[in-house]
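To start, the structure itself, in structure tokens.
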Amino acid sequence: MTIKINLPVSEEEIRKLKIGDEVLLSGTMVTARDQAHKLMVEKKPDFIRPYLKDSVIYHCGPVVRKNENGEWEFVAAGPTTSSREEPYQADVIKEYQVRGIIGKGGMGEKTLKGLQETGAVYFHAVGGLGTLLAKRVVKVKEVFMLEEFGTPEAFWVIEVKDFPVVVTMDSHGNSLHKKVLEESLKREKELLGL
Amino acid sequence: MELKEHILELIRRASTDLPPDVEARLKRAYDEAEEGSTEKSVFNVILENVKLARENSTPICQDTGHVIFYVNYPLGMKEWEITEEIKKAVIEATEKNYLRPNAVDPITGKNSGNNIGKNAPYITYHCWDKDYIEFKLMLKGGGSENVGVQYKLPDASLKAGRDLEGVRKVIIDAVTKAQGFGCAPGTVGVGIGGDRGVSYLLSKKTFFRKMDSKNENPVLAEFEDRLEKELNSLGIGPMGFGGKTTVLDVFVDAQHRHPATYYVSVSYMCWAFRRKTMIVKSNGEVEYDD
């Protein structure tokens with residue numbers, strides 16, 4: 001069954017989510033990749049604070065264009081690999097009171113602990129859904145650090161509607177990635193006769 | 001119409017129009033997934049994305065990959081002239097957002113901005129005895145390239161010896177290690193033998209085969225079928241969420257090796273398996289294939 005969540009979201013609502021839950025997100029979220037995470041940890045800028053409080057960070061380097069009206073538009077916007085943000089993520093979640101991270105591939109122990117402490121979850125988007133996910137971005141509201149970081153690395157503040165994700169790390173210390181890894185390693189041993 | 005225009009159209013098709021054989025295989029994975037499972041939902045959005053990308057002529061995935069060409073040309077054509085046409089087409093394809101700028105100088109860290117650089121795009125030429133030119137194009141995503149791996153047999157930790165059974169073991173190990181990171185379900189391309197470089201090249205070239213195509217070598221044909229079943233029993237599933245389909249297909253090729261070496265290269269193609277073929281005849285007629 002699919003759960004609908006509107007952003008911003010309360011800690012209480014996020015703590016109800018469990019690994020394996022399918023979720024449709026609607027509301028305002030922010031894209032951030034490597035340079036943005038480094039900046040948030042080292043400089044703790046305030047310009048992004050109001051957008052992140054009780055909202056979600058999306059690990060994404062979009063393809064964007066300006067339409068006839070001079071407004072930004074997302075063309076292709078699937079998730080990028082999250083593990084690169086592992087050194088920063090838990091601190092960012094705590095500093096900005098973020099309730100969720102969207103990315104792909106899952107994250108490590110430090111982030112899992114951070115999710116537990118602050119009350120947040122890791123949402124996995126399906127990699128490769130460039131066109132579909134861009135269509136779920138209904139509006140680009142703001143962009144920060146575009147000049148300094150370039151298109152893929154900038155903070156894009158976007159409004160999404162029914163953005164499909166799966167909870168793969170919850171706020172109770174559970175990780176679907178760990179579970180699937182353990183089960184597949186067991187099967188590998190059987191196949192290899194080890 | 002000049003050659004550049006045809007190559008541009010080839011790139012557009014490769015980036016936005018998933019080959020029907022791959023789409024049919026994904027549809028089968030959707031049909032086989034359990035009702036109400038996450039696996040089923042994932043294949044549902046994947047198939048919807050494939051359809052949207054085709055209708056809107058936008059990239060299936062925002063990572064439009066390494067741009068890899070294989071060109072067979074008739075006697076009389078010049079490689080450097082074809083290269084110029086390819087480069088012009090790649091630059092225009094980047095401007096039109098069919099390709100994302102993906103060529104980064106590893107020394108300066110600078111992105112060339114137009115997908116042109118040293119060995120970018122990567123082109124392999126062969127002069128052949130036919131009177132038309134053939135372009136084979138593959139767009140190979142970076143995330144899936146990162147889970148590719150090369151083994152040197154024997155491998156003591158896996159108890160993998162220098163035989164087909166040893167090859168089987170390292171392939172199972174590679175796919176287990178890849179989990180969902182290469183955007184599973186992937187297609188596994190394997191090159192056995194050769195030196196290290198040629199071994200990887202052979203593994204990649206298998207991706208020009210079509211889904212469910214039968215290996216010409218009956219021993220390898222049986223080997224591929226067995227591996228596909230075994231890999232799908234790992235339960236990794238799409239994106240590593242768990243499920244019945246972990247790989248779409250397995251393609252294996254072998255070449256002679258040096259007596260002292262035994263390499264097995266495993267390349268991984270994400271579910272967004274992007275390849276196209278085009279021939280341009282001497283009378284200007286153009287034909288496309290997947």
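Identifiers in this document derive from the order of the structure tokens: chains are assigned A, B, ..., residues are numbered from 1 separately in each chain, and ligands are numbered from 1 in order of occurrence.
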Please find the residues of chain A near chain B - the criterion being any atom within 6 Å, counting only C-alpha atoms - and write them as a short mmCIF file (atom, residue, chain, number, x, y, z; two decimals) with C-alpha atoms, in the first residue's frame.
data_model
loop_
_atom_site.label_atom_id
_atom_site.label_comp_id
_atom_site.auth_asym_id
_atom_site.auth_seq_id
_atom_site.Cartn_x
_atom_site.Cartn_y
_atom_site.Cartn_z
CA ALA A 76 15.77 14.68 -16.47
CA GLY A 105 22.20 2.92 -3.21
CA GLY A 127 17.69 5.01 -10.49
CA GLY A 128 17.31 5.75 -14.18
CA LEU A 129 13.86 7.35 -13.96
CA GLY A 130 15.22 10.54 -15.53
CA THR A 131 12.13 11.62 -17.42
CA LEU A 132 9.43 10.33 -15.06
CA SER A 184 22.14 -12.62 -0.96
CA ARG A 187 22.67 -17.61 -1.19
#
- Report as a count of residues only: the residues of region 12-151 of chain A with a DSSP assignment of strand (DSSP E), based on the backbone of this structure. 38
- Spatial neighbours of region 198-209 of chain B, 7 Å, only C-alpha atoms, chain gap at least 3 places, as a list in words: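 The residues that qualify are Gly189, Val190, Gly191, Ile192, Gly193, Gly194, Asp195, Ser213, Phe251, Asp253, Tyr263, Val264, Ser265, Val266 and Ser267 of chain B.
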- Which distance in Å separates CA of Glu32 (chain B) and CA of Val167 (chain B), to one decimal? 28.3 Å
- Find the residues around Lys161 (chain A) up to 7 Å (only C-alpha atoms counted), leave out those fewer than 2 positions away in its own chain, and share them as a VMD selection string. chain A and resid 25 to 27 136 to 138 159 163
- Can you list, as a ChimeraX atom specification, every residue of region 159-266 of chain B that DSSP puts in helix (DSSP H, G or I)? /B:164-178,196-208,218-232,238-240
Residues of the last selection are to be written out with N, CA and C atoms, as a CSV table (one decimal), in the first residue's frame.
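Here's the written file result-v7.csv:
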chain,number,residue,atom,x,y,z
B,164,LEU,N,35.7,-23.2,-16.6
B,164,LEU,CA,34.4,-22.6,-16.7
B,164,LEU,C,33.7,-22.5,-15.3
B,165,GLU,N,33.9,-23.5,-14.5
B,165,GLU,CA,33.3,-23.5,-13.1
B,165,GLU,C,33.9,-22.3,-12.3
B,166,GLY,N,35.2,-22.1,-12.5
B,166,GLY,CA,35.8,-20.9,-11.8
B,166,GLY,C,35.2,-19.6,-12.3
B,167,VAL,N,35.0,-19.5,-13.6
B,167,VAL,CA,34.4,-18.4,-14.2
B,167,VAL,C,33.0,-18.1,-13.7
B,168,ARG,N,32.2,-19.2,-13.5
B,168,ARG,CA,30.9,-19.2,-12.9
B,168,ARG,C,30.9,-18.5,-11.5
B,169,LYS,N,31.9,-19.0,-10.7
B,169,LYS,CA,32.0,-18.5,-9.4
B,169,LYS,C,32.3,-17.0,-9.3
B,170,VAL,N,33.2,-16.5,-10.1
B,170,VAL,CA,33.5,-15.1,-10.0
B,170,VAL,C,32.4,-14.2,-10.5
B,171,ILE,N,31.6,-14.7,-11.5
B,171,ILE,CA,30.5,-13.9,-12.0
B,171,ILE,C,29.4,-13.8,-10.9
B,172,ILE,N,29.2,-14.9,-10.2
B,172,ILE,CA,28.2,-14.9,-9.1
B,172,ILE,C,28.7,-13.9,-8.0
B,173,ASP,N,30.0,-13.9,-7.7
B,173,ASP,CA,30.6,-13.0,-6.8
B,173,ASP,C,30.4,-11.5,-7.2
B,174,ALA,N,30.7,-11.2,-8.5
B,174,ALA,CA,30.6,-9.9,-9.0
B,174,ALA,C,29.1,-9.3,-8.9
B,175,VAL,N,28.2,-10.2,-9.2
B,175,VAL,CA,26.8,-9.7,-9.1
B,175,VAL,C,26.3,-9.5,-7.7
B,176,THR,N,26.8,-10.4,-6.8
B,176,THR,CA,26.4,-10.2,-5.4
B,176,THR,C,27.0,-8.9,-4.8
B,177,LYS,N,28.3,-8.7,-5.2
B,177,LYS,CA,28.9,-7.4,-4.7
B,177,LYS,C,28.2,-6.2,-5.3
B,178,ALA,N,27.7,-6.3,-6.5
B,178,ALA,CA,27.1,-5.1,-7.2
B,178,ALA,C,25.8,-4.7,-6.5
B,196,ARG,N,44.5,-7.9,-20.0
B,196,ARG,CA,43.6,-7.2,-19.2
B,196,ARG,C,42.7,-6.2,-20.0
B,197,GLY,N,43.3,-5.5,-20.9
B,197,GLY,CA,42.5,-4.5,-21.6
B,197,GLY,C,41.5,-5.1,-22.6
B,198,VAL,N,42.0,-6.1,-23.4
B,198,VAL,CA,41.2,-6.7,-24.4
B,198,VAL,C,40.0,-7.5,-23.7
B,199,SER,N,40.3,-8.0,-22.5
B,199,SER,CA,39.3,-8.8,-21.8
B,199,SER,C,38.1,-7.9,-21.5
B,200,TYR,N,38.4,-6.7,-21.0
B,200,TYR,CA,37.3,-5.7,-20.7
B,200,TYR,C,36.5,-5.4,-22.0
B,201,LEU,N,37.3,-5.1,-23.0
B,201,LEU,CA,36.7,-4.7,-24.3
B,201,LEU,C,35.7,-5.8,-24.8
B,202,LEU,N,36.1,-7.1,-24.7
B,202,LEU,CA,35.3,-8.2,-25.1
B,202,LEU,C,34.0,-8.2,-24.2
B,203,SER,N,34.1,-8.0,-22.9
B,203,SER,CA,33.0,-8.0,-22.1
B,203,SER,C,32.0,-7.0,-22.4
B,204,LYS,N,32.5,-5.8,-22.8
B,204,LYS,CA,31.6,-4.7,-23.2
B,204,LYS,C,30.9,-4.9,-24.6
B,205,LYS,N,31.7,-5.5,-25.5
B,205,LYS,CA,31.1,-5.7,-26.9
B,205,LYS,C,29.9,-6.7,-26.8
B,206,THR,N,29.8,-7.5,-25.8
B,206,THR,CA,28.7,-8.4,-25.8
B,206,THR,C,27.4,-7.7,-25.6
B,207,PHE,N,27.4,-6.4,-25.2
B,207,PHE,CA,26.2,-5.6,-25.0
B,207,PHE,C,25.5,-5.3,-26.3
B,208,PHE,N,26.2,-5.5,-27.5
B,208,PHE,CA,25.5,-5.3,-28.7
B,208,PHE,C,24.6,-6.5,-29.1
B,218,PRO,N,27.5,-23.7,-28.2
B,218,PRO,CA,26.5,-24.4,-27.4
B,218,PRO,C,27.0,-24.5,-25.9
B,219,VAL,N,28.2,-24.6,-25.6
B,219,VAL,CA,28.7,-24.7,-24.3
B,219,VAL,C,28.4,-23.4,-23.5
B,220,LEU,N,28.7,-22.3,-24.2
B,220,LEU,CA,28.5,-21.0,-23.5
B,220,LEU,C,27.0,-20.7,-23.4
B,221,ALA,N,26.2,-21.2,-24.4
B,221,ALA,CA,24.7,-21.0,-24.4
B,221,ALA,C,24.1,-21.6,-23.2
B,222,GLU,N,24.6,-22.8,-22.9
B,222,GLU,CA,24.0,-23.5,-21.7
B,222,GLU,C,24.5,-22.8,-20.4
B,223,PHE,N,25.8,-22.4,-20.4
B,223,PHE,CA,26.4,-21.7,-19.3
B,223,PHE,C,25.6,-20.4,-19.0
B,224,GLU,N,25.3,-19.7,-20.0
B,224,GLU,CA,24.5,-18.4,-19.8
B,224,GLU,C,23.2,-18.7,-19.2
B,225,ASP,N,22.5,-19.7,-19.7
B,225,ASP,CA,21.1,-20.0,-19.2
B,225,ASP,C,21.2,-20.4,-17.7
B,226,ARG,N,22.2,-21.2,-17.4
B,226,ARG,CA,22.4,-21.6,-16.0
B,226,ARG,C,22.6,-20.4,-15.1
B,227,LEU,N,23.6,-19.6,-15.5
B,227,LEU,CA,23.9,-18.4,-14.7
B,227,LEU,C,22.7,-17.4,-14.5
B,228,GLU,N,22.0,-17.2,-15.6
B,228,GLU,CA,20.8,-16.3,-15.5
B,228,GLU,C,19.9,-16.8,-14.3
B,229,LYS,N,19.6,-18.1,-14.3
B,229,LYS,CA,18.8,-18.7,-13.3
B,229,LYS,C,19.4,-18.5,-11.9
B,230,GLU,N,20.7,-18.8,-11.8
B,230,GLU,CA,21.4,-18.8,-10.5
B,230,GLU,C,21.5,-17.3,-10.0
B,231,LEU,N,21.8,-16.4,-10.9
B,231,LEU,CA,21.9,-15.0,-10.4
B,231,LEU,C,20.5,-14.5,-10.0
B,232,ASN,N,19.5,-14.9,-10.6
B,232,ASN,CA,18.2,-14.4,-10.2
B,232,ASN,C,17.7,-15.1,-8.9
B,238,PRO,N,15.2,-5.5,-8.3
B,238,PRO,CA,15.4,-4.1,-8.9
B,238,PRO,C,15.9,-3.1,-7.8
B,239,MET,N,17.0,-2.4,-8.1
B,239,MET,CA,17.6,-1.4,-7.2
B,239,MET,C,18.1,-2.0,-5.9
B,240,GLY,N,18.1,-3.3,-5.8
B,240,GLY,CA,18.5,-3.9,-4.5
B,240,GLY,C,17.5,-4.0,-3.5
- Item | For Met29 (chain A): contacts at 8 Å, only C-alpha atoms, fewer than 5 positions along chain excluded, given as a PyMOL selection string | chain A and resi 7+51-52+55-58+157-160
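For the atom pair formed by CA of Asn44 (chain B) and CA of Arg65 (chain A), the distance is 27.4 Å, given to one decimal.
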- How many Å separate CA of Gly186 (chain B) from CA of Asp31 (chain B)?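 Rounded to one decimal, the two atoms are 17.4 Å apart.
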- Contacts of Ser10 (chain A) within 12 Å, only C-alpha atoms, excl. fewer than 6 positions in-chain, as an MDAnalysis selection string: chainID A and resid 16:17 53:56 97:100 118:120
- Query: Can you tell me, as a ChimeraX atom specification, what residues are no more than 10 Å from Ala103 (chain B) when counting only C-alpha atoms, ignoring any on the same chain fewer than 4 positions away?
  - Reply: /B:65-67,109-121
Write the selection just made, keeping all heavy atoms, as an mmCIF file, in the first residue's frame?
data_model
loop_
_atom_site.group_PDB
_atom_site.id
_atom_site.type_symbol
_atom_site.label_atom_id
_atom_site.label_comp_id
_atom_site.auth_asym_id
_atom_site.auth_seq_id
_atom_site.Cartn_x
_atom_site.Cartn_y
_atom_site.Cartn_z
ATOM 1 N N GLY B 65 25.705 8.668 -19.980
ATOM 2 C CA GLY B 65 26.764 7.685 -20.123
ATOM 3 C C GLY B 65 28.034 8.074 -20.860
ATOM 4 O O GLY B 65 28.219 9.207 -21.288
ATOM 5 N N HIS B 66 28.916 7.072 -20.943
ATOM 6 C CA HIS B 66 30.063 7.152 -21.857
ATOM 7 C C HIS B 66 29.507 6.948 -23.258
ATOM 8 O O HIS B 66 28.664 6.074 -23.456
ATOM 9 C CB HIS B 66 31.021 5.981 -21.612
ATOM 10 C CG HIS B 66 31.868 6.103 -20.389
ATOM 11 N ND1 HIS B 66 33.050 6.794 -20.370
ATOM 12 C CD2 HIS B 66 31.709 5.600 -19.152
ATOM 13 C CE1 HIS B 66 33.587 6.713 -19.160
ATOM 14 N NE2 HIS B 66 32.789 5.997 -18.400
ATOM 15 N N VAL B 67 30.001 7.704 -24.220
ATOM 16 C CA VAL B 67 29.509 7.577 -25.595
ATOM 17 C C VAL B 67 30.493 6.698 -26.371
ATOM 18 O O VAL B 67 31.646 7.075 -26.575
ATOM 19 C CB VAL B 67 29.383 8.971 -26.243
ATOM 20 C CG1 VAL B 67 28.848 8.852 -27.658
ATOM 21 C CG2 VAL B 67 28.474 9.868 -25.394
ATOM 22 N N GLY B 109 40.151 18.550 -13.614
ATOM 23 C CA GLY B 109 38.808 18.450 -13.036
ATOM 24 C C GLY B 109 37.757 19.195 -13.847
ATOM 25 O O GLY B 109 36.598 19.280 -13.468
ATOM 26 N N LYS B 110 38.171 19.720 -14.998
ATOM 27 C CA LYS B 110 37.252 20.537 -15.795
ATOM 28 C C LYS B 110 36.403 19.667 -16.726
ATOM 29 O O LYS B 110 36.914 18.782 -17.410
ATOM 30 C CB LYS B 110 38.066 21.544 -16.615
ATOM 31 C CG LYS B 110 37.242 22.694 -17.155
ATOM 32 C CD LYS B 110 38.166 23.733 -17.787
ATOM 33 C CE LYS B 110 37.497 24.683 -18.762
ATOM 34 N NZ LYS B 110 36.093 24.832 -18.812
ATOM 35 N N ASN B 111 35.096 19.957 -16.735
ATOM 36 C CA ASN B 111 34.184 19.281 -17.653
ATOM 37 C C ASN B 111 34.250 20.029 -18.986
ATOM 38 O O ASN B 111 34.102 21.247 -19.018
ATOM 39 C CB ASN B 111 32.761 19.328 -17.084
ATOM 40 C CG ASN B 111 31.803 18.435 -17.857
ATOM 41 O OD1 ASN B 111 31.832 18.372 -19.086
ATOM 42 N ND2 ASN B 111 30.948 17.754 -17.126
ATOM 43 N N SER B 112 34.494 19.299 -20.089
ATOM 44 C CA SER B 112 34.640 19.983 -21.385
ATOM 45 C C SER B 112 33.333 20.638 -21.810
ATOM 46 O O SER B 112 33.319 21.511 -22.668
ATOM 47 C CB SER B 112 35.116 18.999 -22.458
ATOM 48 O OG SER B 112 34.070 18.126 -22.825
ATOM 49 N N GLY B 113 32.231 20.197 -21.250
ATOM 50 C CA GLY B 113 30.943 20.843 -21.517
ATOM 51 C C GLY B 113 30.224 20.364 -22.761
ATOM 52 O O GLY B 113 29.052 20.670 -22.951
ATOM 53 N N ASN B 114 30.946 19.615 -23.622
ATOM 54 C CA ASN B 114 30.294 19.192 -24.871
ATOM 55 C C ASN B 114 30.534 17.720 -25.202
ATOM 56 O O ASN B 114 30.283 17.274 -26.318
ATOM 57 C CB ASN B 114 30.757 20.079 -26.037
ATOM 58 C CG ASN B 114 32.268 20.030 -26.236
ATOM 59 O OD1 ASN B 114 32.973 19.232 -25.602
ATOM 60 N ND2 ASN B 114 32.766 20.860 -27.126
ATOM 61 N N ASN B 115 31.026 16.972 -24.220
ATOM 62 C CA ASN B 115 31.298 15.537 -24.395
ATOM 63 C C ASN B 115 32.465 15.228 -25.322
ATOM 64 O O ASN B 115 32.668 14.082 -25.718
ATOM 65 C CB ASN B 115 30.050 14.783 -24.880
ATOM 66 C CG ASN B 115 29.114 14.465 -23.730
ATOM 67 O OD1 ASN B 115 29.504 13.848 -22.758
ATOM 68 N ND2 ASN B 115 27.876 14.935 -23.847
ATOM 69 N N ILE B 116 33.258 16.270 -25.670
ATOM 70 C CA ILE B 116 34.437 16.044 -26.506
ATOM 71 C C ILE B 116 35.678 16.104 -25.622
ATOM 72 O O ILE B 116 35.811 16.982 -24.778
ATOM 73 C CB ILE B 116 34.546 17.117 -27.618
ATOM 74 C CG1 ILE B 116 33.272 17.139 -28.481
ATOM 75 C CG2 ILE B 116 35.784 16.870 -28.482
ATOM 76 C CD1 ILE B 116 32.974 15.879 -29.251
ATOM 77 N N GLY B 117 36.574 15.142 -25.816
ATOM 78 C CA GLY B 117 37.817 15.115 -25.065
ATOM 79 C C GLY B 117 38.686 13.994 -25.593
ATOM 80 O O GLY B 117 38.376 13.401 -26.632
ATOM 81 N N LYS B 118 39.739 13.670 -24.880
ATOM 82 C CA LYS B 118 40.604 12.568 -25.317
ATOM 83 C C LYS B 118 39.844 11.247 -25.154
ATOM 84 O O LYS B 118 39.368 10.943 -24.052
ATOM 85 C CB LYS B 118 41.880 12.554 -24.480
ATOM 86 C CG LYS B 118 42.867 11.503 -24.975
ATOM 87 C CD LYS B 118 44.221 11.672 -24.325
ATOM 88 C CE LYS B 118 45.162 10.590 -24.825
ATOM 89 N NZ LYS B 118 46.497 10.733 -24.255
ATOM 90 N N ASN B 119 39.721 10.505 -26.242
ATOM 91 C CA ASN B 119 38.920 9.275 -26.266
ATOM 92 C C ASN B 119 37.465 9.493 -25.855
ATOM 93 O O ASN B 119 36.799 8.580 -25.371
ATOM 94 C CB ASN B 119 39.544 8.182 -25.395
ATOM 95 C CG ASN B 119 40.641 7.441 -26.138
ATOM 96 O OD1 ASN B 119 40.642 7.405 -27.363
ATOM 97 N ND2 ASN B 119 41.570 6.852 -25.412
ATOM 98 N N ALA B 120 36.996 10.703 -26.014
ATOM 99 C CA ALA B 120 35.583 10.996 -25.760
ATOM 100 C C ALA B 120 35.037 11.778 -26.953
ATOM 101 O O ALA B 120 35.517 12.880 -27.191
ATOM 102 C CB ALA B 120 35.414 11.814 -24.479
ATOM 103 N N PRO B 121 34.095 11.244 -27.699
ATOM 104 C CA PRO B 121 33.564 9.887 -27.602
ATOM 105 C C PRO B 121 34.617 8.852 -27.982
ATOM 106 O O PRO B 121 35.592 9.184 -28.657
ATOM 107 C CB PRO B 121 32.421 9.896 -28.627
ATOM 108 C CG PRO B 121 32.824 10.921 -29.629
ATOM 109 C CD PRO B 121 33.547 11.982 -28.861
#
